[in-house]
Structure formats: structure tokens, C-alpha cells
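Structure data (mmCIF, C-alpha atoms and all ligand atoms) from data.cif:
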```cif
data_work
#
loop_
_atom_site.label_atom_id
_atom_site.label_comp_id
_atom_site.auth_asym_id
_atom_site.auth_seq_id
_atom_site.Cartn_x
_atom_site.Cartn_y
_atom_site.Cartn_z
CA MET A 1 118.36 79.92 140.53
CA LEU A 2 118.57 76.57 142.32
CA LEU A 3 118.73 76.68 146.10
CA THR A 4 120.24 74.21 148.47
CA PHE A 5 118.23 73.05 151.45
CA HIS A 6 120.14 75.35 153.82
CA GLU A 7 119.17 78.56 152.12
CA THR A 8 116.35 80.93 152.91
CA PHE A 9 114.68 82.38 149.88
CA THR A 10 113.37 85.91 150.14
CA GLN A 11 112.00 88.22 147.53
CA PRO A 12 114.33 90.95 146.31
CA GLY A 13 113.23 94.42 147.42
CA GLY A 14 113.48 96.76 150.34
CA HIS A 15 111.01 95.15 152.73
CA SER A 16 111.38 91.80 154.37
CA VAL A 17 109.30 89.13 152.73
CA LYS A 18 107.23 88.78 155.93
CA ARG A 19 106.26 92.47 155.75
CA GLN A 20 105.42 92.07 152.07
CA ILE A 21 103.12 89.18 152.98
CA ILE A 22 101.48 91.25 155.74
CA ASP A 23 101.02 94.15 153.28
CA SER A 24 99.40 91.79 150.78
CA ILE A 25 97.06 90.41 153.46
CA GLU A 26 96.04 93.97 154.35
CA LYS A 27 95.40 94.82 150.70
CA TYR A 28 92.90 92.04 149.97
CA ASP A 29 89.39 91.60 151.39
CA LYS A 30 89.20 87.96 150.27
CA ILE A 31 91.94 85.50 151.12
CA ILE A 32 91.91 81.80 150.20
CA ILE A 33 94.49 79.48 151.72
CA HIS A 34 95.49 76.15 150.16
CA ARG A 35 97.85 73.36 151.30
CA HIS A 36 99.05 70.01 150.02
CA VAL A 37 97.05 66.90 149.16
CA ARG A 38 96.98 64.14 151.78
CA PRO A 39 97.25 66.67 154.59
CA ASP A 40 99.17 66.16 157.80
CA PRO A 41 99.10 68.23 161.00
CA ASP A 42 101.55 70.82 159.61
CA ALA A 43 99.44 71.23 156.47
CA TYR A 44 96.34 71.95 158.58
CA GLY A 45 98.30 73.77 161.29
CA SER A 46 99.92 76.22 158.88
CA GLN A 47 96.90 76.66 156.64
CA ILE A 48 94.15 76.95 159.21
CA GLY A 49 96.49 78.55 161.77
CA LEU A 50 97.12 81.29 159.19
CA LYS A 51 93.39 81.60 158.56
CA SER A 52 92.84 82.01 162.29
CA LEU A 53 95.65 84.57 162.54
CA ILE A 54 94.21 86.68 159.71
CA SER A 55 90.60 86.42 160.98
CA THR A 56 91.65 87.42 164.49
CA ASN A 57 93.35 90.58 163.26
CA TYR A 58 91.03 91.45 160.37
CA PRO A 59 87.55 90.23 161.37
CA ASP A 60 85.94 91.92 158.35
CA LYS A 61 87.95 90.00 155.78
CA GLN A 62 86.59 86.82 154.17
CA VAL A 63 89.19 84.13 154.82
CA TYR A 64 88.85 80.53 153.64
CA ALA A 65 90.98 77.40 154.07
CA VAL A 66 90.22 74.89 151.31
CA GLY A 67 91.11 71.33 150.28
CA GLU A 68 89.74 67.85 150.76
CA HIS A 69 89.15 67.08 154.42
CA ASP A 70 90.96 64.16 156.05
CA PRO A 71 88.67 62.84 158.81
CA SER A 72 91.70 61.73 160.84
CA LEU A 73 92.44 65.45 161.32
CA SER A 74 88.93 66.43 162.46
CA PHE A 75 90.30 66.97 165.98
CA LEU A 76 92.10 70.00 164.52
CA THR A 77 89.26 71.50 162.50
CA ASN A 78 87.39 71.26 159.20
CA PRO A 79 88.29 73.14 156.01
CA ASP A 80 85.86 75.38 154.07
CA VAL A 81 84.04 74.50 150.88
CA ILE A 82 83.79 77.43 148.45
CA GLU A 83 82.50 78.12 144.94
CA ASP A 84 84.82 79.05 142.06
CA GLU A 85 83.40 82.61 141.97
CA VAL A 86 85.01 83.40 145.33
CA TYR A 87 88.43 83.38 143.67
CA ALA A 88 87.71 86.53 141.63
CA GLY A 89 89.95 89.28 143.00
CA ALA A 90 91.20 87.14 145.89
CA LEU A 91 94.63 86.74 147.43
CA VAL A 92 95.64 83.05 147.38
CA ILE A 93 98.26 81.71 149.80
CA VAL A 94 99.60 78.16 149.57
CA THR A 95 101.30 76.72 152.64
CA ASP A 96 103.56 73.68 153.09
CA THR A 97 103.49 72.65 149.42
CA ALA A 98 106.73 72.41 147.45
CA ASN A 99 105.31 71.91 143.98
CA THR A 100 102.14 72.87 142.13
CA GLU A 101 101.15 69.24 141.41
CA ARG A 102 100.74 68.66 145.16
CA ILE A 103 98.49 71.67 145.79
CA ASP A 104 94.96 70.75 146.88
CA ASP A 105 93.09 71.99 144.78
CA TYR A 106 93.90 73.23 141.24
CA ARG A 107 91.88 76.45 141.73
CA TYR A 108 94.87 78.02 143.52
CA GLN A 109 95.67 79.73 140.19
CA LYS A 110 92.30 81.49 139.92
CA GLY A 111 93.04 84.33 142.32
CA ASP A 112 94.53 87.77 141.75
CA PHE A 113 97.88 87.26 143.51
CA LEU A 114 99.63 84.08 144.69
CA ILE A 115 101.93 83.64 147.69
CA LYS A 116 103.93 80.48 148.47
CA ILE A 117 104.96 79.88 152.10
CA ASP A 118 106.98 76.68 152.49
CA HIS A 119 109.91 74.90 154.11
CA HIS A 120 110.69 72.26 151.47
CA PRO A 121 113.51 72.71 148.94
CA ASN A 122 112.33 75.38 146.51
CA ASP A 123 112.55 73.29 143.35
CA ASP A 124 109.28 74.62 141.93
CA GLN A 125 109.34 78.39 142.40
CA TYR A 126 105.65 79.12 141.84
CA GLY A 127 103.78 82.24 142.91
CA ASP A 128 104.09 86.04 142.72
CA LEU A 129 105.72 86.23 146.15
CA LEU A 130 107.65 83.37 147.77
CA TRP A 131 108.80 82.82 151.32
CA VAL A 132 110.72 79.56 151.58
CA ASP A 133 112.74 78.75 154.67
CA THR A 134 114.18 75.25 154.54
CA LYS A 135 115.64 75.69 158.02
CA ALA A 136 112.19 76.05 159.58
CA SER A 137 111.02 72.89 161.34
CA SER A 138 107.55 73.32 159.92
CA VAL A 139 105.45 75.87 158.09
CA SER A 140 103.48 76.30 161.31
CA GLU A 141 106.71 77.64 162.82
CA MET A 142 106.96 80.08 159.89
CA ILE A 143 103.38 81.24 160.48
CA TYR A 144 104.35 81.91 164.10
CA GLU A 145 107.27 84.00 162.75
CA LEU A 146 104.79 85.86 160.55
CA TYR A 147 102.66 86.54 163.62
CA ASP A 148 105.78 87.74 165.48
CA GLU A 149 106.55 90.18 162.65
CA GLY A 150 102.89 91.26 162.52
CA ARG A 151 102.94 91.95 166.24
CA ASP A 152 105.82 94.42 165.81
CA TYR A 153 104.58 95.87 162.55
CA LYS A 154 100.79 95.98 163.01
CA ASN A 155 100.13 95.03 166.61
CA TRP A 156 98.81 91.58 165.61
CA GLN A 157 97.34 89.19 168.16
CA LEU A 158 97.26 85.38 168.11
CA SER A 159 94.19 83.59 169.49
CA ASP A 160 94.20 80.44 171.64
CA GLU A 161 92.82 78.49 168.70
CA GLY A 162 95.52 79.85 166.38
CA ALA A 163 98.17 78.85 168.93
CA ARG A 164 96.71 75.33 169.21
CA LEU A 165 96.84 74.82 165.44
CA LEU A 166 100.40 76.11 165.10
CA PHE A 167 101.56 74.01 168.05
CA ALA A 168 100.02 70.90 166.44
CA GLY A 169 101.84 71.59 163.17
CA ILE A 170 105.19 72.03 164.89
CA VAL A 171 104.72 68.88 166.99
CA GLY A 172 103.69 66.89 163.91
CA ASP A 173 106.58 67.90 161.66
CA THR A 174 109.26 67.51 164.33
CA GLY A 175 108.00 64.07 165.44
CA ARG A 176 107.28 65.51 168.89
CA PHE A 177 110.53 67.53 168.84
CA ILE A 178 112.87 64.62 168.19
CA PHE A 179 113.89 65.31 164.57
CA PRO A 180 117.05 67.38 163.97
CA SER A 181 114.82 69.98 162.29
CA ALA A 182 113.68 71.10 165.78
CA THR A 183 116.00 74.02 166.55
CA GLU A 184 116.47 76.25 169.57
CA ARG A 185 114.01 78.64 167.92
CA THR A 186 111.48 75.81 167.53
CA PHE A 187 111.60 75.16 171.26
CA GLU A 188 111.34 78.91 172.00
CA ILE A 189 108.25 79.16 169.82
CA ALA A 190 106.71 76.03 171.35
CA GLY A 191 107.41 77.58 174.76
CA GLN A 192 105.49 80.71 173.72
CA LEU A 193 102.61 78.69 172.26
CA ILE A 194 101.95 76.59 175.35
CA ARG A 195 101.25 79.81 177.25
CA TYR A 196 97.96 80.05 175.34
CA LYS A 197 94.85 78.33 176.61
CA PHE A 198 94.28 75.01 174.88
CA ASP A 199 94.13 71.42 176.04
CA ARG A 200 97.53 70.00 175.17
CA SER A 201 96.76 66.46 176.34
CA LYS A 202 93.64 66.33 174.21
CA LEU A 203 95.63 67.58 171.25
CA PHE A 204 98.31 64.89 171.71
CA ASP A 205 95.58 62.24 172.00
CA GLY A 206 94.06 63.46 168.73
CA MET A 207 97.45 63.27 167.05
CA TYR A 208 98.83 60.03 168.42
CA GLU A 209 96.09 57.71 169.67
CA LYS A 210 95.95 54.61 167.47
CA ASN A 211 93.09 52.16 167.34
CA HIS A 212 93.85 48.54 168.20
CA LYS A 213 93.82 47.40 164.56
CA LEU A 214 96.50 49.90 163.62
CA LEU A 215 98.62 48.84 166.59
CA LYS A 216 98.38 45.28 165.36
CA LEU A 217 99.50 46.44 161.92
CA GLN A 218 102.42 48.13 163.65
CA GLY A 219 103.15 44.76 165.29
CA TYR A 220 103.13 43.18 161.81
CA MET A 221 105.61 45.80 160.62
CA TYR A 222 107.94 45.10 163.54
CA GLN A 223 107.69 41.34 162.90
CA ASN A 224 108.31 41.56 159.18
CA PHE A 225 110.67 44.40 158.33
CA VAL A 226 113.83 43.51 156.45
CA PHE A 227 117.13 44.94 157.75
CA ASP A 228 120.38 44.72 155.78
CA GLU A 229 123.97 44.85 157.02
CA ASN A 230 124.20 48.62 156.41
CA GLY A 231 120.99 49.48 158.24
CA ALA A 232 118.73 49.86 155.19
CA VAL A 233 115.23 48.75 156.20
CA TYR A 234 112.12 48.10 154.16
CA ILE A 235 108.65 46.64 154.41
CA LYS A 236 105.91 46.13 151.86
CA LEU A 237 102.35 46.73 153.02
CA THR A 238 100.28 45.11 150.31
CA LYS A 239 96.53 45.57 149.94
CA GLU A 240 96.07 42.11 151.47
CA VAL A 241 98.09 43.06 154.56
CA LEU A 242 96.12 46.30 154.98
CA GLN A 243 92.89 44.35 154.61
CA GLN A 244 94.02 41.81 157.20
CA PHE A 245 94.38 44.64 159.74
CA ASP A 246 91.31 46.53 158.52
CA SER A 247 93.45 49.61 157.89
CA THR A 248 93.62 52.09 155.01
CA PRO A 249 96.72 53.48 153.27
CA SER A 250 96.20 56.85 154.96
CA ASP A 251 96.05 55.20 158.41
CA THR A 252 99.67 54.17 157.90
CA SER A 253 100.87 57.79 158.23
CA LEU A 254 100.90 57.24 162.01
CA LEU A 255 103.29 54.31 161.58
CA VAL A 256 105.93 55.76 159.27
CA GLY A 257 108.17 56.84 162.15
CA SER A 258 107.99 53.43 163.86
CA PHE A 259 111.35 52.24 162.56
CA GLY A 260 113.21 55.30 163.81
CA ASP A 261 113.93 53.55 167.09
CA ILE A 262 115.69 50.53 165.56
CA LYS A 263 119.30 50.52 166.70
CA GLY A 264 121.71 50.80 163.78
CA ILE A 265 119.10 51.88 161.24
CA CYS A 266 120.41 54.08 158.42
CA ALA A 267 117.29 54.75 156.34
CA TRP A 268 113.98 53.05 155.68
CA VAL A 269 111.26 52.76 153.11
CA ILE A 270 107.68 51.72 153.68
CA PHE A 271 105.67 50.74 150.60
CA VAL A 272 101.92 51.13 150.89
CA GLU A 273 99.85 49.61 148.11
CA GLU A 274 96.88 51.69 146.99
CA ASP A 275 94.31 50.95 144.24
CA ASP A 276 96.40 52.03 141.27
CA GLN A 277 99.83 52.86 142.70
CA ILE A 278 102.28 52.07 145.48
CA ARG A 279 103.08 54.88 147.83
CA VAL A 280 106.72 55.11 148.87
CA ARG A 281 107.50 56.67 152.23
CA LEU A 282 111.18 57.29 152.83
CA ARG A 283 112.95 58.34 156.03
CA SER A 284 116.63 58.63 156.90
CA LYS A 285 118.80 58.99 159.96
CA GLY A 286 121.67 60.53 157.97
CA PRO A 287 122.07 60.18 154.20
CA ILE A 288 119.98 62.44 152.00
CA ILE A 289 117.11 60.55 150.41
CA ASN A 290 115.02 63.20 148.63
CA GLU A 291 117.11 62.83 145.45
CA LEU A 292 116.04 59.17 145.40
CA ALA A 293 112.40 60.23 145.92
CA LYS A 294 112.67 62.66 143.01
CA LYS A 295 113.73 59.81 140.69
CA TYR A 296 110.44 58.05 141.47
CA ASN A 297 107.84 60.81 140.97
CA GLY A 298 108.34 62.32 144.40
CA GLY A 299 110.32 64.68 146.55
CA GLY A 300 110.30 66.15 150.02
CA HIS A 301 112.84 66.94 152.71
CA PRO A 302 116.42 65.63 152.75
CA LEU A 303 115.57 63.16 155.54
CA ALA A 304 111.81 62.64 155.02
CA SER A 305 110.46 62.16 151.53
CA GLY A 306 107.73 60.48 149.57
CA ALA A 307 107.38 59.02 146.09
CA THR A 308 105.15 56.81 143.95
CA VAL A 309 105.88 53.62 142.03
CA TYR A 310 103.58 51.53 139.88
CA SER A 311 104.83 47.95 140.33
CA TRP A 312 106.60 45.79 142.89
CA GLU A 313 109.52 45.46 140.44
CA GLU A 314 109.91 49.23 140.58
CA ALA A 315 109.66 49.05 144.38
CA ASP A 316 112.55 46.59 144.38
CA LYS A 317 114.63 49.12 142.44
CA VAL A 318 113.95 51.72 145.14
CA ILE A 319 115.08 49.19 147.77
CA ALA A 320 118.28 48.46 145.83
CA GLU A 321 119.04 52.18 145.53
CA LEU A 322 118.34 52.80 149.21
CA LYS A 323 120.65 49.94 150.16
CA GLU A 324 123.37 51.49 148.01
CA ILE A 325 122.85 54.91 149.65
CA CYS A 326 123.28 53.30 153.09
CA ARG A 327 126.33 51.30 151.96
CA LEU A 328 128.03 54.44 150.64
CA SER A 329 127.21 56.40 153.81
CA LYS A 330 129.18 54.00 156.04
P1 LIG B 1 105.04 61.41 153.82
O1 LIG B 1 105.79 60.13 153.73
O2 LIG B 1 103.80 61.43 153.01
O3 LIG B 1 104.82 61.82 155.25
O4 LIG B 1 105.93 62.55 153.16
C1 LIG B 1 107.17 62.98 153.69
C2 LIG B 1 107.60 64.25 153.00
O5 LIG B 1 107.77 64.01 151.62
C3 LIG B 1 106.62 65.38 153.12
O6 LIG B 1 107.35 66.56 153.38
C4 LIG B 1 105.96 65.48 151.78
O7 LIG B 1 105.70 66.80 151.46
C5 LIG B 1 106.98 64.89 150.84
N1 LIG B 1 106.33 64.10 149.79
C6 LIG B 1 105.60 62.97 149.98
N2 LIG B 1 105.14 62.49 148.81
C7 LIG B 1 105.60 63.33 147.85
C8 LIG B 1 105.46 63.39 146.43
N3 LIG B 1 104.77 62.47 145.74
N4 LIG B 1 106.06 64.42 145.79
C9 LIG B 1 106.77 65.36 146.46
N5 LIG B 1 106.93 65.36 147.79
C10 LIG B 1 106.37 64.37 148.48
#
```
Starting from the file, give its structure as C-alpha cells.
Ligand code: AMP
Amino acid sequence: MLLTFHETFTQPGGHSVKRQIIDSIEKYDKIIIHRHVRPDPDAYGSQIGLKSLISTNYPDKQVYAVGEHDPSLSFLTNPDVIEDEVYAGALVIVTDTANTERIDDYRYQKGDFLIKIDHHPNDDQYGDLLWVDTKASSVSEMIYELYDEGRDYKNWQLSDEGARLLFAGIVGDTGRFIFPSATERTFEIAGQLIRYKFDRSKLFDGMYEKNHKLLKLQGYMYQNFVFDENGAVYIKLTKEVLQQFDSTPSDTSLLVGSFGDIKGICAWVIFVEEDDQIRVRLRSKGPIINELAKKYNGGGHPLASGATVYSWEEADKVIAELKEICRLSK
């Protein structure tokens, strides 16, 4: 069954999928939570926020959040490092990851039971139990909904630290509440979360402070982007450019939204050259661009997607297709 991005996917059966997830959490003593490679605040927020939620309510369970650490997210927390043996008889939950190739790491399949919790289009329906809500702004918002259900069903509590992580994930995936994915419910949940005790200013600093080199790279992007008559925008950040500003490909994640403020922009693509591939970061103000991402080894949300190409010739094809998408959307 193929689902459109408006649909909410729930497991058939009498109980709501959230209660089935809570029942599964209660059943297992060991729970290992994975998320996607190249994590962002929603990946950490949903994964480690869920870990915090479970640990708060079931202090005797062993709960781990795994995956390669990104030092730029240290202000949130650090993941756990565990041996393969831990997976025996464990419940594994994967958050914020549409397809199995993007799960960090491959051991997600070594547990006893697998749950997928995600808000991307459900193209790869992996897992024994799936909760996919493409209307949710973020998976952190979904974890808050899980907590809300748990509060009614099992008297669950959410700690200050759990609230901080979920708030960070929601802020990150909504671009500080400006993307259309931020709904009335998103604001309600954010309103609940800021009632907990955590330092919001410090959190925003951790998420958005940029060092001076990165700001200069942002200046380069503003000086050099190419804008066509239909509002299609692109820029190529080659290895040489990154070197010039002493920045790494992963540093550029803070700059992807920069073009969103350009008047008349339709959609944009930022190419970031890595050692053996060119990362393609696509954003749109209207036309759907994840189908384009899928054609180039990628995917993602209708208005925020990523892909990979292997030459600048291939990058030029992406630009041509994006221009055509913008032309047709006029
Ligand atoms: P990014 O540009 O990395 O911030 O990614 C934007 C969105 O596209 C995120 O929701 C990612 O999950 C998704 N995405 C990025 N790269 C890929 C990829 N190679 N395959 C599938 N989805 C991707």
C-alpha cells in the first residue's frame, strides 16, 4: 500500500498504535533506540527524548540511544556506545528515519521486535510495528504525543531534560516555527514544553550560534547564488570553497535555510562536495521536490529533501530539473 504524504499510517488492530508502542515498551527490559545518519536536532530530540521518557517512567529498564555522535549536537547530549550482545532479546525503536539505508547503525535488525516511528513519507515500510504521521512537524512532536497518551494510559511523566530534547527537535524541524509543517498542535505542544525547567536561551544558542568562518561562508553563498527568472536558486560549494572558509560539509547544515528569505524564490538546491560524492540539499517554497530527490539516490519531505550525486555534470542535471519544476509551478 503506497501512502500519500497527508496520510497517517497506523497498524490494524483494536488498540491505537500509540498504546501498542507503550505496551511493547512495557514488555521489554532492554530497549535500544536508533535514528538516522548525519543526525539533526530532531533525530537526537526524538531518539534521546524517547530514551529519557522511557527511563523516567521505567527506571529499571536498560535503555540505550545509539549511533555515531555529531559533535555539533553535544549541547543536546551524547549517544551510548553498546556491544552487539545487548541486542539479544531487545526491543529496537527507530525514530525519524524513512528508509533502512539511512538508519545509523545496521544493528537495528538484531533485536527481538522492531518499531518505526517517523514523519517522512512511508515509502519503506520496515519494522514489526509502524507509526508514521506525515502531518507531524517532527518526530519529537510525535514523541510528545506518545507521552500524552502514556500519561492517560499509564500515568507517565516527562522530565525537564526530556522536555528540553523534544523542544529542540520541534524547533529544529520547523525552522523555529516558520515552516508550514508547524501546526496549531505544534504550537500547543511547544507551549506545554516551555513550562518545564530548562534554559531556552542556552538551547537556542547551541542550535543557532555560528562561528565567524561559517558566517563568512554564508556571505559567500549570498554573494554567489544563481537565481533564474522562475525563482530557482542554486549554489555549488566545492571542496575548495569549503577549505577557503575552513568549514566542513556538515557545518553547512546551519546554512541550508539561508535562501528561504530571498524574495521571489521558488525552490533551491545547495551542492556540498564531499570526498567521494556531492551532497544535494533541496528546499522548496511550494512545488514538491522529494520526487526529484528520489531520482538522485535520495528522498525526504515534500518541501525539504536530500540526495547524492557523483559528478558536477549530474549536479547540472538536478539544476535543470529544478528549474523546470519552478517553471511549471508558475
Ligand atoms: P537535509 O538537507 O540533510 O537537511 O535533509 C532534508 C530532508 O531530506 C531530511 O528530512 C532528510 O531525512 C531527507 N534526506 C536527506 N538526504 C537524504 C537521502 N540521501 N535519502 C533520503 N532522504 C534524505
Legend entry - Spatial neighbours of stretch 221-232 of chain A, 12 Å, only C-alpha atoms, chain gap at least 5 places, as a ChimeraX atom specification: /A:214-216,237-238,241-242,245,252,255-272,282-287,289,318-330
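Among the candidate residues A:Asp80, A:Asp40, A:Asp160, A:Glu149, the one lying nearest to ligand LIG 1 (chain B) is A:Asp40, with distances computed using only C-alpha atoms and all ligand atoms.
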Interface rows for chain A against ligand LIG 1 (chain B): nearest pair, Å to one decimal, 9 Å, all atoms listed in the file, as a Markdown table:
```
| residue | atom | partner | partner_atom | distance |
| --- | --- | --- | --- | --- |
| A:His36 | CA | B:LIG1 | O7 | 7.5 |
| A:Val37 | CA | B:LIG1 | O7 | 9.0 |
| A:Arg38 | CA | B:LIG1 | O2 | 7.4 |
| A:Pro39 | CA | B:LIG1 | O2 | 8.5 |
| A:Asp40 | CA | B:LIG1 | O3 | 7.6 |
| A:Asp96 | CA | B:LIG1 | O7 | 7.4 |
| A:Thr97 | CA | B:LIG1 | O7 | 6.6 |
| A:Ala98 | CA | B:LIG1 | O7 | 7.0 |
| A:Asn99 | CA | B:LIG1 | C9 | 7.2 |
| A:Glu101 | CA | B:LIG1 | N4 | 8.2 |
| A:Arg102 | CA | B:LIG1 | N4 | 6.8 |
| A:His119 | CA | B:LIG1 | O6 | 8.8 |
| A:His120 | CA | B:LIG1 | O6 | 6.9 |
| A:Asp173 | CA | B:LIG1 | O6 | 8.4 |
| A:Ser253 | CA | B:LIG1 | O3 | 6.4 |
| A:Val256 | CA | B:LIG1 | O1 | 7.1 |
| A:Ile270 | CA | B:LIG1 | O1 | 8.6 |
| A:Arg279 | CA | B:LIG1 | N2 | 7.9 |
| A:Val280 | CA | B:LIG1 | O1 | 7.0 |
| A:Arg281 | CA | B:LIG1 | O1 | 4.1 |
| A:Leu282 | CA | B:LIG1 | O1 | 6.2 |
| A:Arg283 | CA | B:LIG1 | O1 | 7.7 |
| A:Asn290 | CA | B:LIG1 | O5 | 7.9 |
| A:Ala293 | CA | B:LIG1 | N4 | 7.6 |
| A:Lys294 | CA | B:LIG1 | C9 | 7.3 |
| A:Tyr296 | CA | B:LIG1 | N3 | 8.4 |
| A:Asn297 | CA | B:LIG1 | N3 | 5.9 |
| A:Gly298 | CA | B:LIG1 | N4 | 3.4 |
| A:Gly299 | CA | B:LIG1 | C9 | 3.6 |
| A:Gly300 | CA | B:LIG1 | C5 | 3.6 |
| A:His301 | CA | B:LIG1 | O6 | 5.5 |
| A:Pro302 | CA | B:LIG1 | O5 | 8.9 |
| A:Leu303 | CA | B:LIG1 | C2 | 8.4 |
| A:Ala304 | CA | B:LIG1 | C1 | 4.8 |
| A:Ser305 | CA | B:LIG1 | O5 | 3.3 |
| A:Gly306 | CA | B:LIG1 | C6 | 3.3 |
| A:Ala307 | CA | B:LIG1 | N3 | 4.3 |
| A:Thr308 | CA | B:LIG1 | N3 | 5.9 |
```
Inset, instruction - Have a look at atom CA of A:Ile103 and atom CA of A:His34 and let me know their distance in Å, one decimal. - result: 6.9 Å
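With atom CA of A:Ala315 on one side and atom CA of A:Gly219 on the other, the separation reads 22.3 Å.
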